[in-house]
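Engineer: You'll find query.cif just under this line, and it carries mmCIF, C-alpha atoms.
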data_query
loop_
_atom_site.label_atom_id
_atom_site.label_comp_id
_atom_site.auth_asym_id
_atom_site.auth_seq_id
_atom_site.Cartn_x
_atom_site.Cartn_y
_atom_site.Cartn_z
CA MET H 1 -4.86 -13.05 35.23
CA ALA H 2 -7.21 -15.61 33.73
CA TRP H 3 -6.93 -16.88 30.14
CA GLN H 4 -10.22 -15.14 29.23
CA ASP H 5 -8.84 -11.82 30.52
CA LEU H 6 -5.74 -12.15 28.31
CA THR H 7 -7.91 -12.91 25.28
CA LYS H 8 -10.14 -9.93 26.00
CA ALA H 9 -7.13 -7.62 26.46
CA ARG H 10 -5.65 -8.78 23.13
CA THR H 11 -8.83 -8.08 21.18
CA THR H 12 -8.92 -4.45 22.33
CA VAL H 13 -5.89 -3.52 20.19
CA PRO H 14 -7.23 -1.71 17.12
CA LEU H 15 -6.82 -3.41 13.76
CA TYR H 16 -6.07 -1.29 10.69
CA ASN H 17 -6.27 -1.96 6.98
CA ALA H 18 -3.57 -0.20 4.97
CA ARG H 19 -3.36 0.10 1.20
CA VAL H 20 -0.13 1.44 -0.24
CA GLN H 21 -0.25 2.56 -3.89
CA ILE H 22 3.20 2.66 -5.50
CA SER H 23 3.84 4.27 -8.87
CA LEU H 24 6.84 5.28 -10.89
CA ARG H 25 7.74 8.94 -10.65
CA PRO H 26 6.56 10.91 -13.70
CA SER H 27 10.17 11.45 -14.84
CA VAL H 28 10.88 7.68 -14.94
CA LEU H 29 10.25 5.78 -18.16
CA ASP H 30 7.80 2.86 -17.86
CA PRO H 31 8.65 0.23 -20.51
CA ALA H 32 6.09 -2.21 -19.09
CA GLY H 33 3.38 0.44 -19.32
CA GLU H 34 4.36 1.30 -22.90
CA ALA H 35 4.37 -2.39 -23.90
CA THR H 36 0.93 -2.85 -22.33
CA ARG H 37 -0.40 0.26 -24.10
CA ALA H 38 0.92 -1.05 -27.43
CA ALA H 39 -0.63 -4.48 -26.78
CA ALA H 40 -3.98 -2.85 -25.97
CA THR H 41 -3.84 -1.03 -29.31
CA ARG H 42 -3.16 -4.32 -31.10
CA LEU H 43 -6.23 -5.76 -29.36
CA GLY H 44 -8.31 -2.96 -30.84
CA VAL H 45 -8.55 -0.77 -27.75
CA THR H 46 -8.06 2.78 -28.96
CA GLY H 47 -7.69 6.13 -27.28
CA ILE H 48 -5.17 5.18 -24.60
CA LYS H 49 -2.73 8.08 -24.51
CA ARG H 50 -0.73 6.97 -21.48
CA LEU H 51 -0.57 3.78 -19.42
CA ARG H 52 1.66 3.36 -16.36
CA ILE H 53 2.12 0.19 -14.33
CA GLY H 54 2.20 0.38 -10.52
CA LYS H 55 1.73 -1.77 -7.44
CA ALA H 56 -0.94 -1.96 -4.76
CA ILE H 57 -0.01 -3.52 -1.43
CA GLU H 58 -2.64 -4.26 1.21
CA LEU H 59 -1.93 -5.22 4.79
CA GLU H 60 -3.67 -5.49 8.12
CA LEU H 61 -1.84 -4.50 11.25
CA GLU H 62 -2.53 -4.05 14.93
CA ALA H 63 -1.46 -0.75 16.46
CA ALA H 64 -2.22 1.17 19.61
CA ASP H 65 -3.69 4.08 17.60
CA ARG H 66 -4.00 5.52 14.11
CA ALA H 67 -0.82 7.60 14.39
CA THR H 68 1.22 4.52 15.32
CA ALA H 69 -0.26 2.50 12.46
CA GLU H 70 0.46 5.31 10.01
CA ALA H 71 4.05 5.64 11.28
CA GLN H 72 4.66 1.89 10.89
CA VAL H 73 3.28 1.76 7.35
CA THR H 74 5.21 4.91 6.44
CA LEU H 75 8.43 3.25 7.61
CA LEU H 76 7.63 0.12 5.57
CA SER H 77 6.77 2.16 2.49
CA ASP H 78 9.84 4.40 2.66
CA ARG H 79 12.37 1.68 3.37
CA LEU H 80 10.98 -1.60 2.04
CA LEU H 81 7.99 -1.40 -0.28
CA ALA H 82 8.94 1.50 -2.56
CA ASN H 83 12.22 2.51 -4.16
CA PRO H 84 12.46 6.20 -3.19
CA VAL H 85 14.76 6.97 -6.12
CA ILE H 86 12.23 6.07 -8.82
CA GLU H 87 8.87 5.54 -7.08
CA ASP H 88 6.26 7.59 -5.22
CA TRP H 89 3.70 6.10 -2.86
CA SER H 90 0.43 7.02 -1.20
CA LEU H 91 -1.38 5.51 1.78
CA GLU H 92 -5.00 4.77 2.57
CA LEU H 93 -5.55 3.70 6.20
CA ALA H 94 -8.80 2.59 7.82
CA GLU H 95 -9.59 1.15 11.24
CA LEU H 96 -11.35 -2.22 10.96
CA ASN H 97 -12.75 -2.59 14.47
#
Write out the structure in this file as structure tokens.

Structural biologist:
Amino acid sequence: MAWQDLTKARTTVPLYNARVQISLRPSVLDPAGEATRAAATRLGVTGIKRLRIGKAIELELEAADRATAEAQVTLLSDRLLANPVIEDWSLELAELN
């Protein structure tokens, strides 16, 4: 197989953009969120009743299909990115090519 054929074969693998939103479960106290809400009030920003701090993680990955990409990101989110005891997560997944 020629070098050009290998390059062409490699570019046919779909590329996906994943965004994982991680937030504390509603039952978990958020001291950082409360401190930020208090600081916003001191800055003169009024009306904030609740402020919670979370994380957004973006990644690009190659996968044979959407189901495979979703399964890989789900594994990462469940076991590495989020703490399942205190955090919930959601996934947005889009094919780039």

Engineer: To one decimal in Å, tell me the separation between CA of Leu29 in chain H and CA of Glu70 in chain H.

Structural biologist: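 Interatomic distance here is 29.8 Å.
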
Engineer: Where does the PyMOL selection byres ((chain H and resi 90) around 9) land in this file, that is, which residues does it pick, as a ChimeraX atom specification?

Structural biologist: /H:19-23,77,88-89,91-92

Engineer: So, counting only C-alpha atoms, which residue among H:Ile86, H:Leu59, H:Leu24, H:Ala35 is closest to Gln72 in chain H?

Structural biologist: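 Checking each of H:Ile86, H:Leu59, H:Leu24, H:Ala35 against Gln72 in chain H, counting only C-alpha atoms, the winner is H:Leu59.
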
Engineer: What separation in Å, quoted to one decimal, exists between CA of Gly54 in chain H and CA of Asn17 in chain H?

Structural biologist: 19.6 Å

Engineer: Suppose a student applies the PyMOL selection byres ((chain H and resi 63) around 12) to this structure; what residues should they get, written as a list in words?

Structural biologist: Arg10, Thr11, Thr12, Val13, Pro14, Leu15, Tyr16, Asn17, Ala18, Glu60, Leu61, Glu62, Ala64, Asp65, Arg66, Ala67, Thr68, Ala69, Glu70, Ala71, Gln72, Val73, Leu93, Ala94, Glu95, Leu96 and Asn97 of chain H

Engineer: Taking (4.3, 0.0, -19.9) in the file's own coordinates, collect the residues within 12 Å, counting only C-alpha atoms, and hand them back as a VMD selection string.

Structural biologist: chain H and resid 23 to 24 28 to 40 48 to 54

Engineer: Write out the residues from the selection above, keeping C-alpha atoms, as a compact mmCIF listing (two decimals), keeping the file's coordinate frame.

Structural biologist:
# COMPACT_ATOMS: atom_id res chain seq x y z
CA SER H 23 3.84 4.27 -8.87
CA LEU H 24 6.84 5.28 -10.89
CA VAL H 28 10.88 7.68 -14.94
CA LEU H 29 10.25 5.78 -18.16
CA ASP H 30 7.80 2.86 -17.86
CA PRO H 31 8.65 0.23 -20.51
CA ALA H 32 6.09 -2.21 -19.09
CA GLY H 33 3.38 0.44 -19.32
CA GLU H 34 4.36 1.30 -22.90
CA ALA H 35 4.37 -2.39 -23.90
CA THR H 36 0.93 -2.85 -22.33
CA ARG H 37 -0.40 0.26 -24.10
CA ALA H 38 0.92 -1.05 -27.43
CA ALA H 39 -0.63 -4.48 -26.78
CA ALA H 40 -3.98 -2.85 -25.97
CA ILE H 48 -5.17 5.18 -24.60
CA LYS H 49 -2.73 8.08 -24.51
CA ARG H 50 -0.73 6.97 -21.48
CA LEU H 51 -0.57 3.78 -19.42
CA ARG H 52 1.66 3.36 -16.36
CA ILE H 53 2.12 0.19 -14.33
CA GLY H 54 2.20 0.38 -10.52

Engineer: Calculate how many Å separate CA of Arg25 in chain H from CA of Glu87 in chain H, rounding to one decimal.

Structural biologist: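 Result for CA of Arg25 in chain H versus CA of Glu87 in chain H: 5.1 Å, one decimal.
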